[in-house]
>>> print(open('run17.tsv').read())   # TSV, C-alpha atoms and all ligand atoms
chain	number	residue	atom	x	y	z
A	8	MET	CA	0.00	0.00	0.00
A	9	SER	CA	1.44	3.39	-0.88
A	10	ASP	CA	1.80	6.11	1.69
A	11	THR	CA	-0.83	8.78	1.01
A	12	THR	CA	0.26	11.26	3.63
A	13	SER	CA	3.27	13.54	3.71
A	14	THR	CA	4.61	16.16	6.03
A	15	TYR	CA	3.69	19.35	4.30
A	16	ARG	CA	5.52	22.62	4.65
A	17	SER	CA	3.92	26.00	4.81
A	18	LEU	CA	4.39	28.63	2.09
A	19	ASN	CA	4.18	31.25	4.77
A	20	GLY	CA	3.28	34.68	3.43
A	21	ILE	CA	3.82	36.33	6.78
A	22	GLU	CA	7.39	35.06	7.10
A	23	CYS	CA	8.24	35.81	3.48
A	24	GLY	CA	6.46	39.18	3.60
A	25	LYS	CA	8.39	40.14	6.72
A	26	ALA	CA	11.74	39.41	5.08
A	27	LEU	CA	10.83	41.33	1.92
A	28	ARG	CA	9.37	44.22	3.89
A	29	ALA	CA	12.62	44.59	5.85
A	30	GLN	CA	14.43	45.02	2.51
A	31	ILE	CA	11.77	47.44	1.27
A	32	ALA	CA	12.11	49.52	4.47
A	33	ARG	CA	15.88	49.84	3.87
A	34	ARG	CA	15.31	50.86	0.27
A	35	ALA	CA	12.71	53.44	1.36
A	36	GLN	CA	15.40	55.11	3.46
A	37	GLU	CA	17.71	55.17	0.43
A	38	VAL	CA	14.96	56.86	-1.57
A	39	LEU	CA	14.61	59.39	1.26
A	40	LYS	CA	18.34	60.14	1.13
A	41	GLU	CA	18.35	60.47	-2.65
A	42	ARG	CA	15.33	62.68	-3.17
A	43	GLY	CA	14.28	63.94	0.26
A	44	THR	CA	10.93	62.14	0.48
A	45	VAL	CA	9.88	58.55	1.13
A	46	PRO	CA	7.74	56.61	-1.39
A	47	HIS	CA	4.12	57.74	-1.27
A	48	LEU	CA	1.12	55.48	-1.95
A	49	VAL	CA	-2.45	56.77	-2.16
A	50	ALA	CA	-5.42	54.42	-1.79
A	51	VAL	CA	-8.86	55.53	-2.98
A	52	LEU	CA	-11.79	53.85	-1.27
A	53	VAL	CA	-15.32	54.46	-2.56
A	54	GLY	CA	-18.19	53.39	-0.30
A	55	GLU	CA	-18.33	51.37	2.88
A	56	ASP	CA	-17.76	47.76	1.71
A	57	ALA	CA	-16.48	45.94	4.82
A	58	ALA	CA	-13.97	43.66	3.04
A	59	SER	CA	-12.58	46.59	1.02
A	60	GLN	CA	-12.13	48.65	4.19
A	61	THR	CA	-10.15	45.77	5.72
A	62	TYR	CA	-7.97	45.35	2.61
A	63	VAL	CA	-7.26	49.06	2.30
A	64	GLY	CA	-6.58	49.27	6.05
A	65	SER	CA	-3.95	46.53	5.78
A	66	LYS	CA	-2.31	48.29	2.82
A	67	VAL	CA	-2.09	51.61	4.70
A	68	LYS	CA	-0.72	49.85	7.79
A	69	ALA	CA	1.90	48.03	5.69
A	70	CYS	CA	3.05	51.36	4.24
A	71	GLU	CA	3.55	52.74	7.75
A	72	GLU	CA	5.53	49.67	8.75
A	73	VAL	CA	8.07	50.08	5.94
A	74	GLY	CA	8.32	53.85	6.38
A	75	PHE	CA	6.34	54.84	3.28
A	76	ARG	CA	3.94	57.74	3.32
A	77	SER	CA	0.37	56.65	2.69
A	78	THR	CA	-2.83	58.57	2.14
A	79	LEU	CA	-6.31	57.11	2.27
A	80	LEU	CA	-8.86	59.05	0.20
A	81	ARG	CA	-12.39	58.08	1.20
A	82	ARG	CA	-15.29	58.92	-1.04
A	83	PRO	CA	-18.98	58.18	-0.35
A	84	ALA	CA	-20.81	55.31	-2.09
A	85	ASP	CA	-22.82	57.80	-4.19
A	86	THR	CA	-19.70	59.35	-5.74
A	87	THR	CA	-20.32	59.67	-9.47
A	88	GLU	CA	-18.04	58.17	-12.10
A	89	ALA	CA	-17.12	61.68	-13.26
A	90	GLU	CA	-16.15	62.68	-9.71
A	91	LEU	CA	-13.99	59.59	-9.32
A	92	LEU	CA	-12.32	60.19	-12.69
A	93	GLU	CA	-11.51	63.69	-11.47
A	94	VAL	CA	-9.81	62.23	-8.38
A	95	VAL	CA	-7.81	59.91	-10.66
A	96	ALA	CA	-6.78	62.83	-12.89
A	97	GLU	CA	-5.60	64.81	-9.84
A	98	LEU	CA	-3.55	61.88	-8.58
A	99	ASN	CA	-2.06	61.34	-12.05
A	100	ALA	CA	-0.91	64.96	-12.03
A	101	ASP	CA	0.32	65.12	-8.43
A	102	ALA	CA	4.13	64.85	-8.40
A	103	ALA	CA	4.03	64.07	-4.66
A	104	VAL	CA	2.22	60.79	-5.37
A	105	ASP	CA	4.40	57.90	-6.59
A	106	GLY	CA	1.61	55.40	-7.06
A	107	PHE	CA	-2.05	54.92	-6.29
A	108	ILE	CA	-4.76	52.31	-6.25
A	109	VAL	CA	-8.50	52.52	-6.57
A	110	GLN	CA	-9.82	49.71	-4.39
A	111	LEU	CA	-12.12	47.32	-6.26
A	112	PRO	CA	-14.96	46.48	-6.41
A	113	LEU	CA	-16.46	49.89	-7.09
A	114	PRO	CA	-20.17	50.65	-6.63
A	115	LYS	CA	-22.22	49.26	-9.54
A	116	HIS	CA	-22.90	52.65	-11.14
A	117	ILE	CA	-19.19	53.19	-11.79
A	118	ASP	CA	-17.47	51.50	-14.76
A	119	GLU	CA	-14.36	49.86	-13.30
A	120	GLU	CA	-12.75	49.49	-16.70
A	121	ARG	CA	-13.06	53.19	-17.43
A	122	VAL	CA	-11.49	54.04	-14.09
A	123	THR	CA	-8.63	51.55	-14.55
A	124	LEU	CA	-7.94	52.95	-18.03
A	125	ALA	CA	-7.79	56.50	-16.63
A	126	ILE	CA	-4.92	55.67	-14.26
A	127	ASN	CA	-1.52	56.74	-15.54
A	128	PRO	CA	0.30	53.43	-16.18
A	129	THR	CA	3.44	54.82	-14.51
A	130	LYS	CA	1.47	55.18	-11.26
A	131	ASP	CA	-0.60	52.00	-11.63
A	132	VAL	CA	0.96	50.08	-8.73
A	133	ASP	CA	-1.87	47.51	-8.77
A	134	GLY	CA	-0.66	46.56	-12.25
A	135	PHE	CA	-4.21	46.40	-13.66
A	136	HIS	CA	-3.80	48.87	-16.55
A	137	PRO	CA	-3.76	47.16	-19.99
A	138	GLN	CA	-0.38	48.76	-20.69
A	139	ASN	CA	1.16	47.06	-17.65
A	140	LEU	CA	-0.58	43.76	-18.41
A	141	GLY	CA	0.67	44.01	-22.01
A	142	ARG	CA	4.21	44.73	-20.83
A	143	MET	CA	4.01	41.69	-18.59
A	144	MET	CA	2.90	39.58	-21.58
A	145	LEU	CA	5.91	40.75	-23.55
A	146	GLY	CA	8.34	40.42	-20.63
A	147	LEU	CA	9.00	44.17	-20.59
A	148	PRO	CA	9.57	46.15	-17.37
A	149	GLY	CA	6.39	47.46	-15.76
A	150	TYR	CA	4.21	46.85	-12.74
A	151	LEU	CA	3.17	43.25	-12.26
A	152	PRO	CA	-0.31	42.61	-10.86
A	153	ALA	CA	-0.02	42.42	-7.09
A	154	THR	CA	-1.45	38.97	-6.28
A	155	PRO	CA	0.28	36.95	-9.03
A	156	ASN	CA	3.55	38.75	-8.36
A	157	GLY	CA	3.18	38.06	-4.63
A	158	ILE	CA	2.83	34.35	-5.44
A	159	VAL	CA	5.93	34.47	-7.64
A	160	GLU	CA	7.86	36.10	-4.76
A	161	LEU	CA	6.59	33.42	-2.37
A	162	LEU	CA	7.73	30.56	-4.65
A	163	LYS	CA	11.11	32.29	-5.01
A	164	PHE	CA	11.52	32.79	-1.26
A	165	TYR	CA	10.99	29.08	-0.56
A	166	ASP	CA	13.09	27.99	-3.57
A	167	ILE	CA	10.26	25.97	-5.08
A	168	PRO	CA	11.49	24.31	-8.30
A	169	THR	CA	9.29	25.32	-11.23
A	170	GLU	CA	11.20	24.50	-14.42
A	171	GLY	CA	9.51	21.77	-16.43
A	172	ARG	CA	6.75	21.37	-13.83
A	173	HIS	CA	3.11	21.21	-14.77
A	174	CYS	CA	1.35	24.22	-13.26
A	175	VAL	CA	-2.44	24.15	-13.26
A	176	VAL	CA	-4.18	27.46	-12.59
A	177	VAL	CA	-7.84	27.26	-11.59
A	178	GLY	CA	-9.62	30.54	-12.45
A	179	ARG	CA	-8.97	32.98	-15.32
A	180	SER	CA	-9.74	36.40	-13.85
A	181	ASN	CA	-7.85	39.37	-15.24
A	182	ILE	CA	-6.31	40.16	-11.87
A	183	VAL	CA	-5.27	36.68	-10.71
A	184	GLY	CA	-5.69	33.56	-12.87
A	185	THR	CA	-4.77	34.87	-16.33
A	186	PRO	CA	-1.66	36.88	-15.32
A	187	MET	CA	-0.61	34.01	-13.04
A	188	SER	CA	-0.64	31.61	-15.99
A	189	ILE	CA	1.54	33.99	-18.00
A	190	LEU	CA	4.06	34.50	-15.19
A	191	MET	CA	4.43	30.75	-14.61
A	192	SER	CA	5.10	30.13	-18.31
A	193	ARG	CA	7.80	32.83	-18.65
A	194	ASN	CA	11.32	31.82	-19.59
A	195	THR	CA	12.74	32.65	-16.16
A	196	TYR	CA	12.61	31.55	-12.53
A	197	PRO	CA	9.99	31.14	-11.15
A	198	GLY	CA	8.51	30.07	-14.47
A	199	ASN	CA	9.34	27.68	-17.28
A	200	CYS	CA	6.31	25.65	-16.28
A	201	THR	CA	3.99	23.89	-18.65
A	202	VAL	CA	0.79	25.72	-17.78
A	203	THR	CA	-2.84	24.67	-18.00
A	204	ILE	CA	-5.43	27.34	-17.23
A	205	THR	CA	-8.90	26.13	-16.23
A	206	HIS	CA	-12.26	27.82	-15.61
A	207	SER	CA	-15.95	27.17	-15.07
A	208	ARG	CA	-16.37	25.56	-18.52
A	209	THR	CA	-13.49	23.14	-18.05
A	210	LYS	CA	-14.61	19.53	-18.38
A	211	ASP	CA	-13.59	17.05	-15.68
A	212	LEU	CA	-11.55	19.54	-13.68
A	213	PRO	CA	-10.34	16.95	-11.11
A	214	SER	CA	-8.60	14.93	-13.84
A	215	ILE	CA	-6.61	18.08	-14.73
A	216	THR	CA	-5.88	19.36	-11.22
A	217	ARG	CA	-4.59	15.87	-10.32
A	218	GLN	CA	-1.85	16.36	-12.95
A	219	ALA	CA	-0.57	19.50	-11.27
A	220	ASP	CA	2.89	19.63	-9.73
A	221	ILE	CA	1.97	23.20	-8.83
A	222	LEU	CA	-1.72	23.98	-8.33
A	223	ILE	CA	-2.77	27.61	-8.05
A	224	VAL	CA	-6.42	28.14	-7.14
A	225	ALA	CA	-8.33	31.41	-7.53
A	226	ILE	CA	-12.02	30.74	-8.03
A	227	GLY	CA	-13.79	32.29	-5.05
A	228	LYS	CA	-15.52	29.13	-3.74
A	229	ALA	CA	-14.76	28.12	-0.17
A	230	GLY	CA	-13.25	24.64	0.23
A	231	PHE	CA	-13.79	23.79	-3.47
A	232	ILE	CA	-10.53	21.87	-3.96
A	233	THR	CA	-10.72	18.56	-2.14
A	234	ALA	CA	-8.08	15.88	-1.51
A	235	ASP	CA	-9.17	13.73	-4.46
A	236	MET	CA	-8.33	16.65	-6.81
A	237	VAL	CA	-4.70	16.93	-5.74
A	238	LYS	CA	-1.64	14.86	-6.60
A	239	GLN	CA	0.50	13.48	-3.78
A	240	GLY	CA	3.48	15.82	-3.22
A	241	ALA	CA	1.97	18.81	-5.03
A	242	VAL	CA	2.67	22.47	-4.26
A	243	VAL	CA	-0.68	24.16	-3.64
A	244	VAL	CA	-1.26	27.90	-3.63
A	245	ASP	CA	-4.67	29.02	-2.39
A	246	VAL	CA	-5.67	32.54	-3.40
A	247	GLY	CA	-9.26	32.38	-2.17
A	248	ILE	CA	-10.35	34.11	0.98
A	249	HIS	CA	-13.75	33.63	2.60
A	250	ARG	CA	-15.47	34.23	5.90
A	251	VAL	CA	-16.92	30.89	6.98
A	252	GLU	CA	-19.37	30.74	9.89
A	253	ASP	CA	-17.77	29.24	12.97
A	254	ALA	CA	-19.74	29.34	16.20
A	255	SER	CA	-16.68	28.24	18.20
A	256	ARG	CA	-14.96	31.58	17.41
A	257	LYS	CA	-15.63	34.76	19.29
A	258	SER	CA	-16.05	36.61	15.99
A	259	GLY	CA	-18.54	33.97	14.77
A	260	TYR	CA	-16.44	33.20	11.68
A	261	ARG	CA	-13.07	31.99	10.51
A	262	LEU	CA	-11.16	32.68	7.32
A	263	SER	CA	-10.84	29.91	4.80
A	264	GLY	CA	-9.61	29.54	1.24
A	265	ASP	CA	-10.73	27.89	-2.01
A	266	VAL	CA	-8.88	24.76	-0.88
A	267	ASN	CA	-10.18	22.40	1.79
A	268	PHE	CA	-6.98	22.79	3.78
A	269	ASP	CA	-7.50	20.05	6.37
A	270	GLU	CA	-7.90	17.29	3.82
A	271	VAL	CA	-5.58	18.61	1.10
A	272	ALA	CA	-2.56	19.67	3.21
A	273	PRO	CA	-1.47	16.12	4.18
A	274	LYS	CA	-1.04	15.29	0.47
A	275	CYS	CA	1.10	18.35	-0.25
A	276	ALA	CA	4.80	19.05	-0.25
A	277	TRP	CA	4.01	22.73	0.25
A	278	ILE	CA	0.77	24.64	0.76
A	279	THR	CA	-0.24	28.21	1.59
A	280	PRO	CA	-2.28	28.68	4.75
A	281	VAL	CA	-5.37	30.91	4.75
A	282	PRO	CA	-4.97	33.37	6.34
A	283	GLY	CA	-1.24	34.05	6.25
A	284	GLY	CA	-0.39	32.79	2.75
A	285	VAL	CA	-1.19	34.77	-0.39
A	286	GLY	CA	-2.94	37.69	1.35
A	287	PRO	CA	0.16	39.22	3.00
A	288	MET	CA	2.10	38.68	-0.25
A	289	THR	CA	-0.42	40.71	-2.24
A	290	VAL	CA	0.19	43.65	0.08
A	291	THR	CA	3.97	43.14	-0.03
A	292	SER	CA	3.82	43.13	-3.81
A	293	LEU	CA	2.01	46.45	-3.75
A	294	LEU	CA	4.84	47.85	-1.60
A	295	LEU	CA	7.40	46.52	-4.11
A	296	ASN	CA	5.56	48.26	-6.95
A	297	THR	CA	5.33	51.51	-4.99
A	298	LEU	CA	9.05	51.37	-4.26
A	299	LYS	CA	9.70	50.81	-7.95
A	300	ALA	CA	7.48	53.79	-8.79
A	301	ALA	CA	9.49	55.97	-6.40
A	302	GLN	CA	12.75	54.88	-7.99
A	303	THR	CA	11.77	55.59	-11.59
B	401	LIG	P1	-13.24	35.95	-10.08
B	401	LIG	O1	-14.61	35.71	-9.56
B	401	LIG	O2	-12.98	37.16	-10.89
B	401	LIG	O3	-12.83	34.70	-11.01
B	401	LIG	C1	-13.12	33.39	-10.61
B	401	LIG	C2	-12.64	32.43	-11.66
B	401	LIG	O4	-12.92	31.11	-11.21
B	401	LIG	C3	-13.33	32.59	-13.02
B	401	LIG	O5	-12.39	32.52	-14.05
B	401	LIG	C4	-14.30	31.40	-13.07
B	401	LIG	O6	-14.47	30.88	-14.37
B	401	LIG	C5	-13.54	30.38	-12.25
B	401	LIG	N1	-14.46	29.40	-11.67
B	401	LIG	C6	-15.60	29.64	-10.98
B	401	LIG	N2	-16.18	28.47	-10.66
B	401	LIG	C7	-15.41	27.49	-11.14
B	401	LIG	C8	-15.50	26.09	-11.15
B	401	LIG	N3	-16.51	25.45	-10.58
B	401	LIG	N4	-14.52	25.39	-11.77
B	401	LIG	C9	-13.49	26.00	-12.37
B	401	LIG	N5	-13.35	27.36	-12.40
B	401	LIG	C10	-14.30	28.09	-11.80
B	401	LIG	O7	-12.27	35.81	-8.85
B	401	LIG	P2	-10.81	36.43	-8.54
B	401	LIG	O8	-9.79	35.82	-9.40
B	401	LIG	O9	-10.88	37.90	-8.44
B	401	LIG	O10	-10.64	35.90	-7.02
B	401	LIG	C11	-10.69	34.53	-6.71
B	401	LIG	C12	-10.61	34.39	-5.20
B	401	LIG	O11	-9.40	34.93	-4.73
B	401	LIG	C13	-11.71	35.12	-4.40
B	401	LIG	O12	-12.01	34.35	-3.25
B	401	LIG	C14	-11.04	36.42	-3.98
B	401	LIG	O13	-11.60	36.94	-2.80
B	401	LIG	C15	-9.64	35.93	-3.75
B	401	LIG	N6	-8.60	36.95	-3.88
B	401	LIG	C16	-7.67	36.98	-2.88
B	401	LIG	C17	-6.61	37.85	-2.97
B	401	LIG	C18	-5.58	37.81	-1.91
B	401	LIG	O14	-4.78	38.70	-1.83
B	401	LIG	N7	-5.55	36.75	-1.08
B	401	LIG	C19	-6.50	38.82	-4.07
B	401	LIG	C20	-7.50	38.65	-5.10
B	401	LIG	C21	-8.52	37.75	-4.98
B	401	LIG	P3	-15.23	31.71	-15.55
B	401	LIG	O15	-14.20	32.68	-16.06
B	401	LIG	O16	-15.57	30.66	-16.54
B	401	LIG	O17	-16.41	32.38	-14.92
>>> encode(input="run17.tsv", output="structure tokens", more="lines below")
Ligand code: NDP
Amino acid sequence: MSDTTSTYRSLNGIECGKALRAQIARRAQEVLKERGTVPHLVAVLVGEDAASQTYVGSKVKACEEVGFRSTLLRRPADTTEAELLEVVAELNADAAVDGFIVQLPLPKHIDEERVTLAINPTKDVDGFHPQNLGRMMLGLPGYLPATPNGIVELLKFYDIPTEGRHCVVVGRSNIVGTPMSILMSRNTYPGNCTVTITHSRTKDLPSITRQADILIVAIGKAGFITADMVKQGAVVVDVGIHRVEDASRKSGYRLSGDVNFDEVAPKCAWITPVPGGVGPMTVTSLLLNTLKAAQT
């Protein structure tokens, strides 16, 4: 009988993020010496969405920790698209702002694509502008989208071999799945994978995920990936983040990912925890992009 359990190791985004943030903090001081000001990130938050407030709060806090300046611009939920575009235009023109993000999702009456397109690509530290996505496609310098780049940094930090491996990406969103598939297929490290990208129309998904040496999951469905969908010894990266009801917790909920961690982890060589895996790396990646913006 073959052994179906292994001792998995954690792709720990807190540990990796801490190491990278220490480097970023040193570089921020160099920027200060060179030009007299630290890198400056502005976050625009429209409305009162609870999850968005938490995400933006963690981004602002991370800036403080590495010695960046950060500004949070709050606008009410009934802000019009024209008013928001005006804010974007002001930030584009403000030489004291190195980079900025407009936290998504935006209220339904605002066209997210129009807002993303209005951001000056040189200040687009989320890496969502088509120009930055196109540069990524072509392997040209630019800002990489925060979550996929955070995953790349995590794989690098833990020296995960990628060359020649089969990487299966579940989910094809513009901000996670699609750019992730491109980064993993690049002719560099981490990269040089044979990549399969899957989505809601994929037939017999388990037969494909079971082929993955590296499985990256970003679908937005709590506990979707179960043990029978994962190969023994795989590296599993879980992008999903969900509040799951848990009466045993004081808060009444716990955070969980797209992967059923308890049953999948024993089959893995490496796996990201949720929380503490991809989430902190997304924020670290934003800091890396802001530093880059301040240095160019
Ligand atoms: P989207 O909803 O934009 O995309 C989900 C993708 O999953 C789509 O491509 C969809 O396919 C695919 N999908 C849905 N159901 C299935 C299924 N049954 N089988 C196969 N594929 C399926 O999500 P995002 O990429 O924006 O986010 C995914 C998750 O990651 C969410 O939980 C989000 O909260 C989280 N997230 C976490 C971040 C972090 O920093 N930790 C950052 C960003 C996101 P189709 O295209 O066919 O509809």
>>> atom_distance(input="run17.tsv", atom1="CA of Ile221 (chain A)", atom2="CA of Cys200 (chain A)")
9.0 Å
>>> atom_distance(input="run17.tsv", atom1="CA of Ile215 (chain A)", atom2="CA of Gly247 (chain A)")
19.2 Å
>>> residues_near_ligand(input="run17.tsv", ligand="ligand LIG 401 (chain B)", cutoff="9 Å", atoms="all atoms listed in the file", output="count of residues only")
45
>>> residues_around(input="run17.tsv", residues="Thr233 (chain A)", least_positions_apart="4", cutoff="7 Å", atoms="all atoms listed in the file", output="count of residues only")
4
>>> axis_aligned_box(input="run17.tsv", around="region 87-100 of chain A", padding_each_side="4 Å", output="JSON")
{"center_x": -10.6, "center_y": 61.6, "center_z": -10.8, "size_x": 27.4, "size_y": 14.8, "size_z": 12.9}
>>> closest_residue(input="run17.tsv", among="A:Ala103, A:Ile117, A:Val132, A:Met236", to="Leu151 (chain A)", atoms="only C-alpha atoms")
A:Val132
>>> closest_residue(input="run17.tsv", among="A:Leu48, A:Arg76, A:Ala26, A:Val94", to="Asp131 (chain A)", atoms="only C-alpha atoms")
A:Leu48
>>> atom_distance(input="run17.tsv", atom1="CA of Pro213 (chain A)", atom2="CA of Leu162 (chain A)")
23.5 Å
>>> residues_around(input="run17.tsv", residues="region 32-36 of chain A", least_positions_apart="2", cutoff="10 Å", atoms="only C-alpha atoms", output="ChimeraX atom specification")
/A:27-30,38-41,43-47,70-76,294,297-299,301-302
>>> write_last_selection(input="run17.tsv", atoms="C-alpha atoms", output="short mmCIF file (atom, residue, chain, number, x, y, z; two decimals), in the frame of the given file")
data_model
loop_
_atom_site.label_atom_id
_atom_site.label_comp_id
_atom_site.auth_asym_id
_atom_site.auth_seq_id
_atom_site.Cartn_x
_atom_site.Cartn_y
_atom_site.Cartn_z
CA LEU A 27 10.83 41.33 1.92
CA ARG A 28 9.37 44.22 3.89
CA ALA A 29 12.62 44.59 5.85
CA GLN A 30 14.43 45.02 2.51
CA VAL A 38 14.96 56.86 -1.57
CA LEU A 39 14.61 59.39 1.26
CA LYS A 40 18.34 60.14 1.13
CA GLU A 41 18.35 60.47 -2.65
CA GLY A 43 14.28 63.94 0.26
CA THR A 44 10.93 62.14 0.48
CA VAL A 45 9.88 58.55 1.13
CA PRO A 46 7.74 56.61 -1.39
CA HIS A 47 4.12 57.74 -1.27
CA CYS A 70 3.05 51.36 4.24
CA GLU A 71 3.55 52.74 7.75
CA GLU A 72 5.53 49.67 8.75
CA VAL A 73 8.07 50.08 5.94
CA GLY A 74 8.32 53.85 6.38
CA PHE A 75 6.34 54.84 3.28
CA ARG A 76 3.94 57.74 3.32
CA LEU A 294 4.84 47.85 -1.60
CA THR A 297 5.33 51.51 -4.99
CA LEU A 298 9.05 51.37 -4.26
CA LYS A 299 9.70 50.81 -7.95
CA ALA A 301 9.49 55.97 -6.40
CA GLN A 302 12.75 54.88 -7.99
#
>>> residues_near_point(input="run17.tsv", point="(3.7, 55.9, -9.4)", cutoff="6 Å", atoms="all atoms listed in the file", output="number ranges by chain")
A: 105-106, 129-130, 300
>>> residues_near_point(input="run17.tsv", point="(-19.6, 58.4, -7.9)", cutoff="12 Å", atoms="all atoms listed in the file", output="list of chain:residue names")
A:Leu52, A:Val53, A:Gly54, A:Arg81, A:Arg82, A:Pro83, A:Ala84, A:Asp85, A:Thr86, A:Thr87, A:Glu88, A:Ala89, A:Glu90, A:Leu91, A:Leu92, A:Glu93, A:Val94, A:Leu113, A:Pro114, A:Lys115, A:His116, A:Ile117, A:Asp118, A:Glu119, A:Val122
>>> residues_around(input="run17.tsv", residues="region 133-135 of chain A", least_positions_apart="5", cutoff="8 Å", atoms="all atoms listed in the file", output="PyMOL selection string")
chain A and resi 107-108+123+128+140+149-153+182+293+296
>>> closest_residue(input="run17.tsv", among="A:Lys163, A:Asn127, A:Thr201, A:Thr291", to="Lys25 (chain A)", atoms="only C-alpha atoms")
A:Thr291
>>> closest_residue(input="run17.tsv", among="A:Thr303, A:Val251, A:Asp211, A:Ser292", to="Ile31 (chain A)", atoms="all atoms listed in the file")
A:Ser292
>>> residues_around(input="run17.tsv", residues="Thr203 (chain A)", least_positions_apart="5", cutoff="7 Å", atoms="only C-alpha atoms", output="ChimeraX atom specification")
/A:174-176
>>> decode(input="run17.tsv", residues="region 106-119 of chain A", atoms="N, CA, C and O atoms", output="PDB file, in the first residue's frame")
ATOM      1  N   GLY A 106       2.530  56.386  -6.496  1.00  0.00           N
ATOM      2  CA  GLY A 106       1.615  55.396  -7.059  1.00  0.00           C
ATOM      3  C   GLY A 106       0.295  55.450  -6.324  1.00  0.00           C
ATOM      4  O   GLY A 106       0.244  55.916  -5.186  1.00  0.00           O
ATOM      5  N   PHE A 107      -0.773  54.964  -6.990  1.00  0.00           N
ATOM      6  CA  PHE A 107      -2.054  54.921  -6.285  1.00  0.00           C
ATOM      7  C   PHE A 107      -2.898  53.752  -6.773  1.00  0.00           C
ATOM      8  O   PHE A 107      -2.682  53.203  -7.845  1.00  0.00           O
ATOM      9  N   ILE A 108      -3.829  53.383  -5.904  1.00  0.00           N
ATOM     10  CA  ILE A 108      -4.757  52.309  -6.248  1.00  0.00           C
ATOM     11  C   ILE A 108      -6.180  52.802  -6.016  1.00  0.00           C
ATOM     12  O   ILE A 108      -6.415  53.615  -5.124  1.00  0.00           O
ATOM     13  N   VAL A 109      -7.076  52.310  -6.828  1.00  0.00           N
ATOM     14  CA  VAL A 109      -8.499  52.524  -6.571  1.00  0.00           C
ATOM     15  C   VAL A 109      -9.032  51.150  -6.166  1.00  0.00           C
ATOM     16  O   VAL A 109      -9.008  50.201  -6.966  1.00  0.00           O
ATOM     17  N   GLN A 110      -9.424  51.022  -4.906  1.00  0.00           N
ATOM     18  CA  GLN A 110      -9.824  49.711  -4.386  1.00  0.00           C
ATOM     19  C   GLN A 110     -11.067  49.194  -5.120  1.00  0.00           C
ATOM     20  O   GLN A 110     -12.068  49.907  -5.229  1.00  0.00           O
ATOM     21  N   LEU A 111     -10.985  47.969  -5.607  1.00  0.00           N
ATOM     22  CA  LEU A 111     -12.125  47.315  -6.259  1.00  0.00           C
ATOM     23  C   LEU A 111     -12.768  46.339  -5.267  1.00  0.00           C
ATOM     24  O   LEU A 111     -12.088  45.858  -4.374  1.00  0.00           O
ATOM     25  N   PRO A 112     -14.029  46.006  -5.373  1.00  0.00           N
ATOM     26  CA  PRO A 112     -14.961  46.476  -6.409  1.00  0.00           C
ATOM     27  C   PRO A 112     -15.471  47.894  -6.112  1.00  0.00           C
ATOM     28  O   PRO A 112     -15.529  48.312  -4.967  1.00  0.00           O
ATOM     29  N   LEU A 113     -15.842  48.570  -7.210  1.00  0.00           N
ATOM     30  CA  LEU A 113     -16.456  49.894  -7.089  1.00  0.00           C
ATOM     31  C   LEU A 113     -17.979  49.723  -7.085  1.00  0.00           C
ATOM     32  O   LEU A 113     -18.496  48.701  -7.562  1.00  0.00           O
ATOM     33  N   PRO A 114     -18.706  50.730  -6.558  1.00  0.00           N
ATOM     34  CA  PRO A 114     -20.172  50.650  -6.626  1.00  0.00           C
ATOM     35  C   PRO A 114     -20.637  50.425  -8.076  1.00  0.00           C
ATOM     36  O   PRO A 114     -19.967  50.868  -9.012  1.00  0.00           O
ATOM     37  N   LYS A 115     -21.742  49.728  -8.219  1.00  0.00           N
ATOM     38  CA  LYS A 115     -22.217  49.259  -9.540  1.00  0.00           C
ATOM     39  C   LYS A 115     -22.351  50.362 -10.597  1.00  0.00           C
ATOM     40  O   LYS A 115     -22.192  50.109 -11.787  1.00  0.00           O
ATOM     41  N   HIS A 116     -22.667  51.602 -10.139  1.00  0.00           N
ATOM     42  CA  HIS A 116     -22.903  52.652 -11.135  1.00  0.00           C
ATOM     43  C   HIS A 116     -21.597  53.203 -11.732  1.00  0.00           C
ATOM     44  O   HIS A 116     -21.631  54.064 -12.618  1.00  0.00           O
ATOM     45  N   ILE A 117     -20.470  52.709 -11.254  1.00  0.00           N
ATOM     46  CA  ILE A 117     -19.186  53.193 -11.794  1.00  0.00           C
ATOM     47  C   ILE A 117     -18.548  52.081 -12.637  1.00  0.00           C
ATOM     48  O   ILE A 117     -18.467  50.927 -12.218  1.00  0.00           O
ATOM     49  N   ASP A 118     -18.090  52.455 -13.838  1.00  0.00           N
ATOM     50  CA  ASP A 118     -17.475  51.502 -14.760  1.00  0.00           C
ATOM     51  C   ASP A 118     -16.003  51.302 -14.355  1.00  0.00           C
ATOM     52  O   ASP A 118     -15.170  52.195 -14.548  1.00  0.00           O
ATOM     53  N   GLU A 119     -15.716  50.121 -13.809  1.00  0.00           N
ATOM     54  CA  GLU A 119     -14.356  49.864 -13.297  1.00  0.00           C
ATOM     55  C   GLU A 119     -13.307  49.952 -14.406  1.00  0.00           C
ATOM     56  O   GLU A 119     -12.193  50.422 -14.197  1.00  0.00           O
TER      57      GLU A 119
END
